[in-house]
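What follows is the content of my_file-v2.pdb (PDB, C-alpha atoms).
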```pdb
ATOM      1  CA  MET A1102       7.898   3.997  15.343
ATOM      2  CA  VAL A1103       7.204   0.509  13.938
ATOM      3  CA  ASP A1104       4.807  -2.026  15.483
ATOM      4  CA  LEU A1105       5.586  -5.509  14.170
ATOM      5  CA  GLY A1106       2.358  -7.138  15.404
ATOM      6  CA  THR A1107       2.614 -10.847  16.175
ATOM      7  CA  SER A1108       3.968 -13.564  13.883
ATOM      8  CA  LEU A1109       5.355 -11.220  11.190
ATOM      9  CA  THR A1110       7.472 -13.107   8.666
ATOM     10  CA  THR A1111       9.693 -11.530   6.031
ATOM     11  CA  GLY A1112      11.759 -12.611   3.093
ATOM     12  CA  ARG A1113      15.240 -11.332   2.265
ATOM     13  CA  ASN A1114      16.293  -7.746   1.625
ATOM     14  CA  CYS A1115      13.194  -6.053   3.025
ATOM     15  CA  ARG A1116      13.401  -2.312   3.728
ATOM     16  CA  ILE A1117      11.068  -0.880   6.359
ATOM     17  CA  GLU A1118      11.610   2.817   7.056
ATOM     18  CA  ALA A1119       9.692   5.133   9.368
ATOM     19  CA  PHE A1120      10.867   8.748   9.306
ATOM     20  CA  LEU A1121      10.854  11.123  12.242
ATOM     21  CA  SER A1122       9.113  14.429  11.626
ATOM     22  CA  GLY A1123       9.684  17.027  14.301
ATOM     23  CA  ASP A1124       8.743  15.769  17.757
ATOM     24  CA  ASP A1125       6.214  13.240  16.396
ATOM     25  CA  HIS A1126       7.255   9.858  17.801
ATOM     26  CA  ARG A1127       4.020   7.897  17.214
ATOM     27  CA  LYS A1128       4.072   4.579  15.390
ATOM     28  CA  LYS A1129       4.351   5.262  11.664
ATOM     29  CA  ILE A1130       4.167   1.664  10.422
ATOM     30  CA  VAL A1131       1.795  -0.774  12.107
ATOM     31  CA  PHE A1132       1.646  -4.424  11.088
ATOM     32  CA  GLY A1133      -1.333  -6.541  12.099
ATOM     33  CA  ASN A1134      -0.985 -10.144  13.175
ATOM     34  CA  ARG A1135       0.220 -12.997  10.953
ATOM     35  CA  VAL A1136       1.470 -10.718   8.165
ATOM     36  CA  GLN A1137       3.794 -12.263   5.593
ATOM     37  CA  ILE A1138       5.983 -10.097   3.378
ATOM     38  CA  ASN A1139       8.322 -11.734   0.901
ATOM     39  CA  ASP A1140      11.680 -10.757  -0.652
ATOM     40  CA  ASN A1141      12.590  -7.167  -1.527
ATOM     41  CA  VAL A1142       9.507  -5.499  -0.028
ATOM     42  CA  HIS A1143       9.991  -1.761   0.660
ATOM     43  CA  ILE A1144       7.649   0.064   3.061
ATOM     44  CA  SER A1145       8.171   3.787   3.711
ATOM     45  CA  ALA A1146       6.216   6.055   6.080
ATOM     46  CA  ILE A1147       6.342   9.677   7.163
ATOM     47  CA  HIS A1148       2.713   9.813   8.395
ATOM     48  CA  SER A1149       1.309   6.260   8.568
ATOM     49  CA  VAL A1150       1.138   2.910   6.836
ATOM     50  CA  ARG A1151      -1.282   0.495   8.519
ATOM     51  CA  ILE A1152      -1.359  -3.156   7.485
ATOM     52  CA  GLY A1153      -4.176  -5.419   8.750
ATOM     53  CA  ASP A1154      -4.166  -9.005   9.968
ATOM     54  CA  ASP A1155      -3.397 -12.003   7.722
ATOM     55  CA  VAL A1156      -1.989  -9.919   4.858
ATOM     56  CA  LEU A1157       0.202 -11.615   2.245
ATOM     57  CA  MET A1158       2.617  -9.531   0.134
ATOM     58  CA  ALA A1159       4.530 -11.128  -2.710
ATOM     59  CA  SER A1160       8.084 -10.034  -3.548
ATOM     60  CA  HIS A1161       9.128  -6.629  -4.912
ATOM     61  CA  VAL A1162       6.146  -4.775  -3.408
ATOM     62  CA  TYR A1163       6.532  -1.040  -2.660
ATOM     63  CA  VAL A1164       4.227   0.721  -0.179
ATOM     64  CA  SER A1165       4.680   4.412   0.609
ATOM     65  CA  ASP A1166       2.685   7.208   2.215
ATOM     66  CA  ASN A1167       5.019   9.835   0.705
ATOM     67  CA  SER A1168       6.562  11.130  -2.493
ATOM     68  CA  HIS A1169       8.877  13.960  -3.494
ATOM     69  CA  GLY A1170       6.296  16.602  -4.449
ATOM     70  CA  SER A1171       2.702  16.675  -5.650
ATOM     71  CA  TYR A1172       1.820  16.147  -9.322
ATOM     72  CA  LYS A1173      -1.993  16.122  -9.254
ATOM     73  CA  GLY A1174      -2.569  19.064 -11.592
ATOM     74  CA  ASP A1175      -3.682  21.495  -8.887
ATOM     75  CA  GLU A1176      -2.339  24.486  -6.935
ATOM     76  CA  ASN A1177      -0.071  22.192  -4.879
ATOM     77  CA  ASP A1178       1.947  20.999  -7.885
ATOM     78  CA  ILE A1179       5.705  21.226  -7.576
ATOM     79  CA  SER A1180       7.855  22.886 -10.235
ATOM     80  CA  PRO A1181      10.239  20.696 -12.250
ATOM     81  CA  ASP A1182      12.812  23.477 -11.688
ATOM     82  CA  ILE A1183      13.206  22.274  -8.092
ATOM     83  CA  VAL A1184      15.753  19.499  -7.604
ATOM     84  CA  PRO A1185      13.801  16.285  -6.731
ATOM     85  CA  THR A1186      15.596  15.803  -3.396
ATOM     86  CA  LYS A1187      14.650  19.378  -2.375
ATOM     87  CA  ARG A1188      10.941  19.105  -3.227
ATOM     88  CA  PRO A1189       8.575  19.173  -0.234
ATOM     89  CA  TYR A1190       7.092  15.786   0.519
ATOM     90  CA  TYR A1191       3.524  14.967  -0.422
ATOM     91  CA  VAL A1192       2.224  12.748   2.405
ATOM     92  CA  ALA A1193      -1.083  10.839   2.765
ATOM     93  CA  PRO A1194      -1.782   7.772   4.959
ATOM     94  CA  VAL A1195      -1.995   4.268   3.489
ATOM     95  CA  LYS A1196      -4.248   1.563   4.901
ATOM     96  CA  ILE A1197      -4.256  -2.096   3.897
ATOM     97  CA  GLY A1198      -7.167  -4.087   5.364
ATOM     98  CA  ASN A1199      -7.341  -7.603   6.762
ATOM     99  CA  ARG A1200      -6.908 -10.724   4.582
ATOM    100  CA  VAL A1201      -5.479  -8.765   1.636
ATOM    101  CA  TRP A1202      -3.284 -10.474  -0.947
ATOM    102  CA  ILE A1203      -0.884  -8.169  -2.811
ATOM    103  CA  GLY A1204       0.705  -9.607  -5.958
ATOM    104  CA  GLU A1205       4.292  -9.514  -7.169
ATOM    105  CA  GLY A1206       5.745  -6.102  -8.049
ATOM    106  CA  THR A1207       2.750  -4.062  -6.874
ATOM    107  CA  ILE A1208       3.158  -0.380  -5.969
ATOM    108  CA  ILE A1209       0.843   1.223  -3.394
ATOM    109  CA  LEU A1210       0.985   5.017  -3.435
ATOM    110  CA  PRO A1211       0.195   7.713  -0.838
ATOM    111  CA  GLY A1212      -3.453   8.023   0.170
ATOM    112  CA  ALA A1213      -4.582   4.575  -0.995
ATOM    113  CA  THR A1214      -6.812   2.320   1.094
ATOM    114  CA  ILE A1215      -7.278  -1.351   0.246
ATOM    115  CA  GLY A1216     -10.396  -2.930   1.762
ATOM    116  CA  ASP A1217     -10.622  -6.206   3.673
ATOM    117  CA  GLY A1218     -10.364  -9.366   1.580
ATOM    118  CA  ALA A1219      -9.160  -7.586  -1.568
ATOM    119  CA  VAL A1220      -6.721  -9.105  -4.059
ATOM    120  CA  ILE A1221      -4.296  -6.854  -5.956
ATOM    121  CA  GLY A1222      -2.937  -8.378  -9.174
ATOM    122  CA  ALA A1223       0.770  -8.559  -9.933
ATOM    123  CA  HIS A1224       2.485  -5.368 -11.116
ATOM    124  CA  SER A1225      -0.530  -3.187 -10.339
ATOM    125  CA  ILE A1226      -0.240   0.438  -9.241
ATOM    126  CA  VAL A1227      -2.718   1.328  -6.504
ATOM    127  CA  ASN A1228      -3.237   5.103  -6.470
ATOM    128  CA  LYS A1229      -6.807   5.220  -5.118
ATOM    129  CA  ASP A1230      -9.097   3.265  -2.804
ATOM    130  CA  ILE A1231      -9.893  -0.364  -3.610
ATOM    131  CA  PRO A1232     -13.179  -1.636  -2.082
ATOM    132  CA  PRO A1233     -13.356  -4.699   0.168
ATOM    133  CA  GLU A1234     -13.726  -8.163  -1.378
ATOM    134  CA  THR A1235     -12.700  -7.118  -4.878
ATOM    135  CA  ILE A1236      -9.918  -8.025  -7.286
ATOM    136  CA  ALA A1237      -8.079  -5.046  -8.776
ATOM    137  CA  VAL A1238      -5.447  -5.136 -11.529
ATOM    138  CA  GLY A1239      -3.511  -2.817 -13.784
ATOM    139  CA  SER A1240      -1.877   0.574 -13.888
ATOM    140  CA  PRO A1241      -3.677   2.293 -12.370
ATOM    141  CA  ALA A1242      -5.402  -0.566 -10.563
ATOM    142  CA  ARG A1243      -9.104  -0.949 -11.325
ATOM    143  CA  VAL A1244     -11.648  -3.396  -9.960
ATOM    144  CA  VAL A1245     -12.366  -6.300 -12.329
ATOM    145  CA  LYS A1246     -14.122  -8.760  -9.992
ATOM    146  CA  ARG A1247     -16.228  -8.677  -6.837
ATOM    147  CA  TRP A1248     -16.955 -11.504  -4.389
ATOM    148  CA  ASN A1249     -20.595 -12.589  -4.406
ATOM    149  CA  PRO A1250     -21.318 -14.168  -0.993
ATOM    150  CA  VAL A1251     -24.690 -15.544  -2.123
ATOM    151  CA  VAL A1252     -23.254 -17.791  -4.855
ATOM    152  CA  GLN A1253     -19.779 -18.003  -3.248
ATOM    153  CA  ARG A1254     -17.755 -16.940  -6.294
ATOM    154  CA  TRP A1255     -15.908 -14.044  -7.903
ATOM    155  CA  GLU A1256     -17.959 -12.215 -10.540
ATOM    156  CA  ARG A1257     -16.756  -9.888 -13.291
ATOM    157  CA  VAL A1258     -17.397  -6.184 -12.869
ATOM    158  CA  GLY A1259     -18.048  -3.838 -15.792
ATOM    159  CA  LEU A1260     -16.423  -5.878 -18.538
TER     160      LEU A1260
END
```
Would you mind giving the structure from this file in structure tokens?
Amino acid sequence: MVDLGTSLTTGRNCRIEAFLSGDDHRKKIVFGNRVQINDNVHISAIHSVRIGDDVLMASHVYVSDNSHGSYKGDENDISPDIVPTKRPYYVAPVKIGNRVWIGEGTIILPGATIGDGAVIGAHSIVNKDIPPETIAVGSPARVVKRWNPVVQRWERVGL
């Protein structure tokens, strides 16, 4: 259910949980090679969380492909009259690309994809896709810089 890749290192008090669903026994959490996660990282998967090679996660990072209910403002919304622990799970795969750096206290929510070479600023909430080779910050995370390979530097985006 969990593939640790090669050369995974972790800090203290990490919580990695892959839940069984029916007779589905495929790998739910897949780490690439040379991944480093620091203290108090929590990764939760019902469907799939895929983490690429050479990823660095600071401490207190939360990554999950699931939540108790859907709250998107559509026909799948869950009533607040239902006890949270009884709400049906909303599940969507999470993918973190290669060479990604995830800052302290970041939260990555169901359905998010982070592209190769991206940097996620501390305490950001990633609730949508982040393109490759960008820096994203905030709540919700938004792209503020993009790598320019011609001049070999990070350039501001839309500020």
**Report entry** Test item: the PyMOL selection byres ((chain A and resi 1242-1248) around 10) resolved as a PyMOL selection string
**Finding:** chain A and resi 1207-1209+1218-1222+1224-1241+1249-1260
- Name every residue that the PyMOL selection byres ((chain A and resi 1190-1205) around 8) selects in this structure, writing the answer as a PyMOL selection string with chains first and numbers rising. chain A and resi 1147-1162+1165-1171+1188-1189+1206-1207+1210-1225
Fill in: Result set, the PyMOL selection byres ((chain A and resi 1114) around 8) on current file, as a ChimeraX atom specification
/A:1112-1113,1115-1116,1140-1142
Written selection (C-alpha atoms) as a PDB file, in the frame of the given file:
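Output file part-v7.pdb is given in full below:
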```
ATOM      1  CA  GLY A1112      11.759 -12.611   3.093  1.00  0.00           C
ATOM      2  CA  ARG A1113      15.240 -11.332   2.265  1.00  0.00           C
ATOM      3  CA  CYS A1115      13.194  -6.053   3.025  1.00  0.00           C
ATOM      4  CA  ARG A1116      13.401  -2.312   3.728  1.00  0.00           C
ATOM      5  CA  ASP A1140      11.680 -10.757  -0.652  1.00  0.00           C
ATOM      6  CA  ASN A1141      12.590  -7.167  -1.527  1.00  0.00           C
ATOM      7  CA  VAL A1142       9.507  -5.499  -0.028  1.00  0.00           C
TER       8      VAL A1142
END
```
| task | For Lys1128 in chain A, list every protein, DNA or RNA residue within 8 Å, evaluated using only C-alpha atoms, and leave out those in the same chain fewer than 6 positions away; present the list as a PyMOL selection string. | result | chain A and resi 1102-1104+1149
Since we have the selection now, will you write its residues out, keeping C-alpha atoms, as a compact mmCIF listing (two decimals), keeping the file's coordinate frame?
```
# COMPACT_ATOMS: atom_id res chain seq x y z
CA MET A 1102 7.90 4.00 15.34
CA VAL A 1103 7.20 0.51 13.94
CA ASP A 1104 4.81 -2.03 15.48
CA SER A 1149 1.31 6.26 8.57
```
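Taking CA of Ile1130 in chain A and CA of Thr1186 in chain A as the two end points, the separation is 22.8 Å.
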Correct to one decimal, the distance CA of Gln1137 in chain A-CA of Val1164 in chain A is 14.2 Å
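When CA of Arg1135 in chain A is paired with CA of Leu1121 in chain A, their separation reads 26.4 Å.
Using all atoms listed in the file, the shortest contact distance between Gly1133 in chain A and any of A:Thr1111, A:Ser1145, A:Leu1105, A:Lys1173 is found at A:Leu1105.
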Got a moment to write range 1224-1251 of chain A out with N, CA and C atoms, as a PDB file, in the first residue's frame?
```
ATOM      1  N   HIS A1224       3.488  27.806   4.866  1.00  0.00           N
ATOM      2  CA  HIS A1224       2.107  28.008   5.313  1.00  0.00           C
ATOM      3  C   HIS A1224       1.122  28.253   4.175  1.00  0.00           C
ATOM      4  N   SER A1225       1.450  27.785   2.987  1.00  0.00           N
ATOM      5  CA  SER A1225       0.536  27.901   1.853  1.00  0.00           C
ATOM      6  C   SER A1225      -0.488  26.776   1.894  1.00  0.00           C
ATOM      7  N   ILE A1226      -1.630  27.016   1.249  1.00  0.00           N
ATOM      8  CA  ILE A1226      -2.650  25.983   1.080  1.00  0.00           C
ATOM      9  C   ILE A1226      -2.819  25.755  -0.413  1.00  0.00           C
ATOM     10  N   VAL A1227      -2.438  24.549  -0.857  1.00  0.00           N
ATOM     11  CA  VAL A1227      -2.495  24.202  -2.272  1.00  0.00           C
ATOM     12  C   VAL A1227      -3.807  23.453  -2.523  1.00  0.00           C
ATOM     13  N   ASN A1228      -4.739  24.121  -3.211  1.00  0.00           N
ATOM     14  CA  ASN A1228      -6.040  23.505  -3.479  1.00  0.00           C
ATOM     15  C   ASN A1228      -6.316  23.377  -4.978  1.00  0.00           C
ATOM     16  N   LYS A1229      -5.299  23.680  -5.793  1.00  0.00           N
ATOM     17  CA  LYS A1229      -5.425  23.546  -7.249  1.00  0.00           C
ATOM     18  C   LYS A1229      -4.038  23.261  -7.815  1.00  0.00           C
ATOM     19  N   ASP A1230      -3.960  23.061  -9.115  1.00  0.00           N
ATOM     20  CA  ASP A1230      -2.687  22.725  -9.749  1.00  0.00           C
ATOM     21  C   ASP A1230      -1.722  23.904  -9.745  1.00  0.00           C
ATOM     22  N   ILE A1231      -0.453  23.586  -9.488  1.00  0.00           N
ATOM     23  CA  ILE A1231       0.634  24.564  -9.538  1.00  0.00           C
ATOM     24  C   ILE A1231       1.548  24.140 -10.690  1.00  0.00           C
ATOM     25  N   PRO A1232       1.787  25.032 -11.668  1.00  0.00           N
ATOM     26  CA  PRO A1232       2.597  24.659 -12.838  1.00  0.00           C
ATOM     27  C   PRO A1232       4.051  24.359 -12.474  1.00  0.00           C
ATOM     28  N   PRO A1233       4.740  23.647 -13.355  1.00  0.00           N
ATOM     29  CA  PRO A1233       6.168  23.383 -13.148  1.00  0.00           C
ATOM     30  C   PRO A1233       6.976  24.677 -13.107  1.00  0.00           C
ATOM     31  N   GLU A1234       8.092  24.617 -12.381  1.00  0.00           N
ATOM     32  CA  GLU A1234       9.083  25.699 -12.334  1.00  0.00           C
ATOM     33  C   GLU A1234       8.475  27.045 -11.980  1.00  0.00           C
ATOM     34  N   THR A1235       7.600  27.023 -10.970  1.00  0.00           N
ATOM     35  CA  THR A1235       7.009  28.256 -10.449  1.00  0.00           C
ATOM     36  C   THR A1235       7.166  28.282  -8.932  1.00  0.00           C
ATOM     37  N   ILE A1236       7.000  29.472  -8.364  1.00  0.00           N
ATOM     38  CA  ILE A1236       6.931  29.633  -6.920  1.00  0.00           C
ATOM     39  C   ILE A1236       5.509  30.060  -6.605  1.00  0.00           C
ATOM     40  N   ALA A1237       4.858  29.335  -5.693  1.00  0.00           N
ATOM     41  CA  ALA A1237       3.489  29.640  -5.298  1.00  0.00           C
ATOM     42  C   ALA A1237       3.444  29.861  -3.793  1.00  0.00           C
ATOM     43  N   VAL A1238       2.660  30.865  -3.374  1.00  0.00           N
ATOM     44  CA  VAL A1238       2.550  31.198  -1.951  1.00  0.00           C
ATOM     45  C   VAL A1238       1.113  31.570  -1.625  1.00  0.00           C
ATOM     46  N   GLY A1239       0.775  31.478  -0.350  1.00  0.00           N
ATOM     47  CA  GLY A1239      -0.485  32.012   0.133  1.00  0.00           C
ATOM     48  C   GLY A1239      -1.579  30.995   0.365  1.00  0.00           C
ATOM     49  N   SER A1240      -2.739  31.551   0.727  1.00  0.00           N
ATOM     50  CA  SER A1240      -3.914  30.747   1.039  1.00  0.00           C
ATOM     51  C   SER A1240      -5.131  31.350   0.351  1.00  0.00           C
ATOM     52  N   PRO A1241      -5.552  30.781  -0.766  1.00  0.00           N
ATOM     53  CA  PRO A1241      -4.956  29.635  -1.447  1.00  0.00           C
ATOM     54  C   PRO A1241      -3.674  30.028  -2.176  1.00  0.00           C
ATOM     55  N   ALA A1242      -2.835  29.021  -2.426  1.00  0.00           N
ATOM     56  CA  ALA A1242      -1.552  29.273  -3.089  1.00  0.00           C
ATOM     57  C   ALA A1242      -1.771  29.817  -4.496  1.00  0.00           C
ATOM     58  N   ARG A1243      -0.998  30.835  -4.844  1.00  0.00           N
ATOM     59  CA  ARG A1243      -1.034  31.388  -6.202  1.00  0.00           C
ATOM     60  C   ARG A1243       0.402  31.607  -6.660  1.00  0.00           C
ATOM     61  N   VAL A1244       0.599  31.498  -7.963  1.00  0.00           N
ATOM     62  CA  VAL A1244       1.934  31.629  -8.537  1.00  0.00           C
ATOM     63  C   VAL A1244       2.369  33.085  -8.487  1.00  0.00           C
ATOM     64  N   VAL A1245       3.573  33.331  -7.951  1.00  0.00           N
ATOM     65  CA  VAL A1245       4.119  34.688  -7.885  1.00  0.00           C
ATOM     66  C   VAL A1245       5.402  34.839  -8.690  1.00  0.00           C
ATOM     67  N   LYS A1246       6.075  33.722  -8.994  1.00  0.00           N
ATOM     68  CA  LYS A1246       7.292  33.768  -9.803  1.00  0.00           C
ATOM     69  C   LYS A1246       7.359  32.545 -10.713  1.00  0.00           C
ATOM     70  N   ARG A1247       8.092  32.730 -11.813  1.00  0.00           N
ATOM     71  CA  ARG A1247       8.299  31.657 -12.792  1.00  0.00           C
ATOM     72  C   ARG A1247       9.779  31.669 -13.172  1.00  0.00           C
ATOM     73  N   TRP A1248      10.356  30.464 -13.324  1.00  0.00           N
ATOM     74  CA  TRP A1248      11.753  30.347 -13.721  1.00  0.00           C
ATOM     75  C   TRP A1248      11.896  30.687 -15.198  1.00  0.00           C
ATOM     76  N   ASN A1249      12.843  31.578 -15.500  1.00  0.00           N
ATOM     77  CA  ASN A1249      13.143  31.925 -16.884  1.00  0.00           C
ATOM     78  C   ASN A1249      14.473  31.255 -17.231  1.00  0.00           C
ATOM     79  N   PRO A1250      14.442  30.188 -18.052  1.00  0.00           N
ATOM     80  CA  PRO A1250      15.673  29.458 -18.358  1.00  0.00           C
ATOM     81  C   PRO A1250      16.638  30.242 -19.250  1.00  0.00           C
ATOM     82  N   VAL A1251      16.137  31.225 -19.965  1.00  0.00           N
ATOM     83  CA  VAL A1251      17.005  32.011 -20.858  1.00  0.00           C
ATOM     84  C   VAL A1251      17.956  32.873 -20.035  1.00  0.00           C
TER      85      VAL A1251
END
```
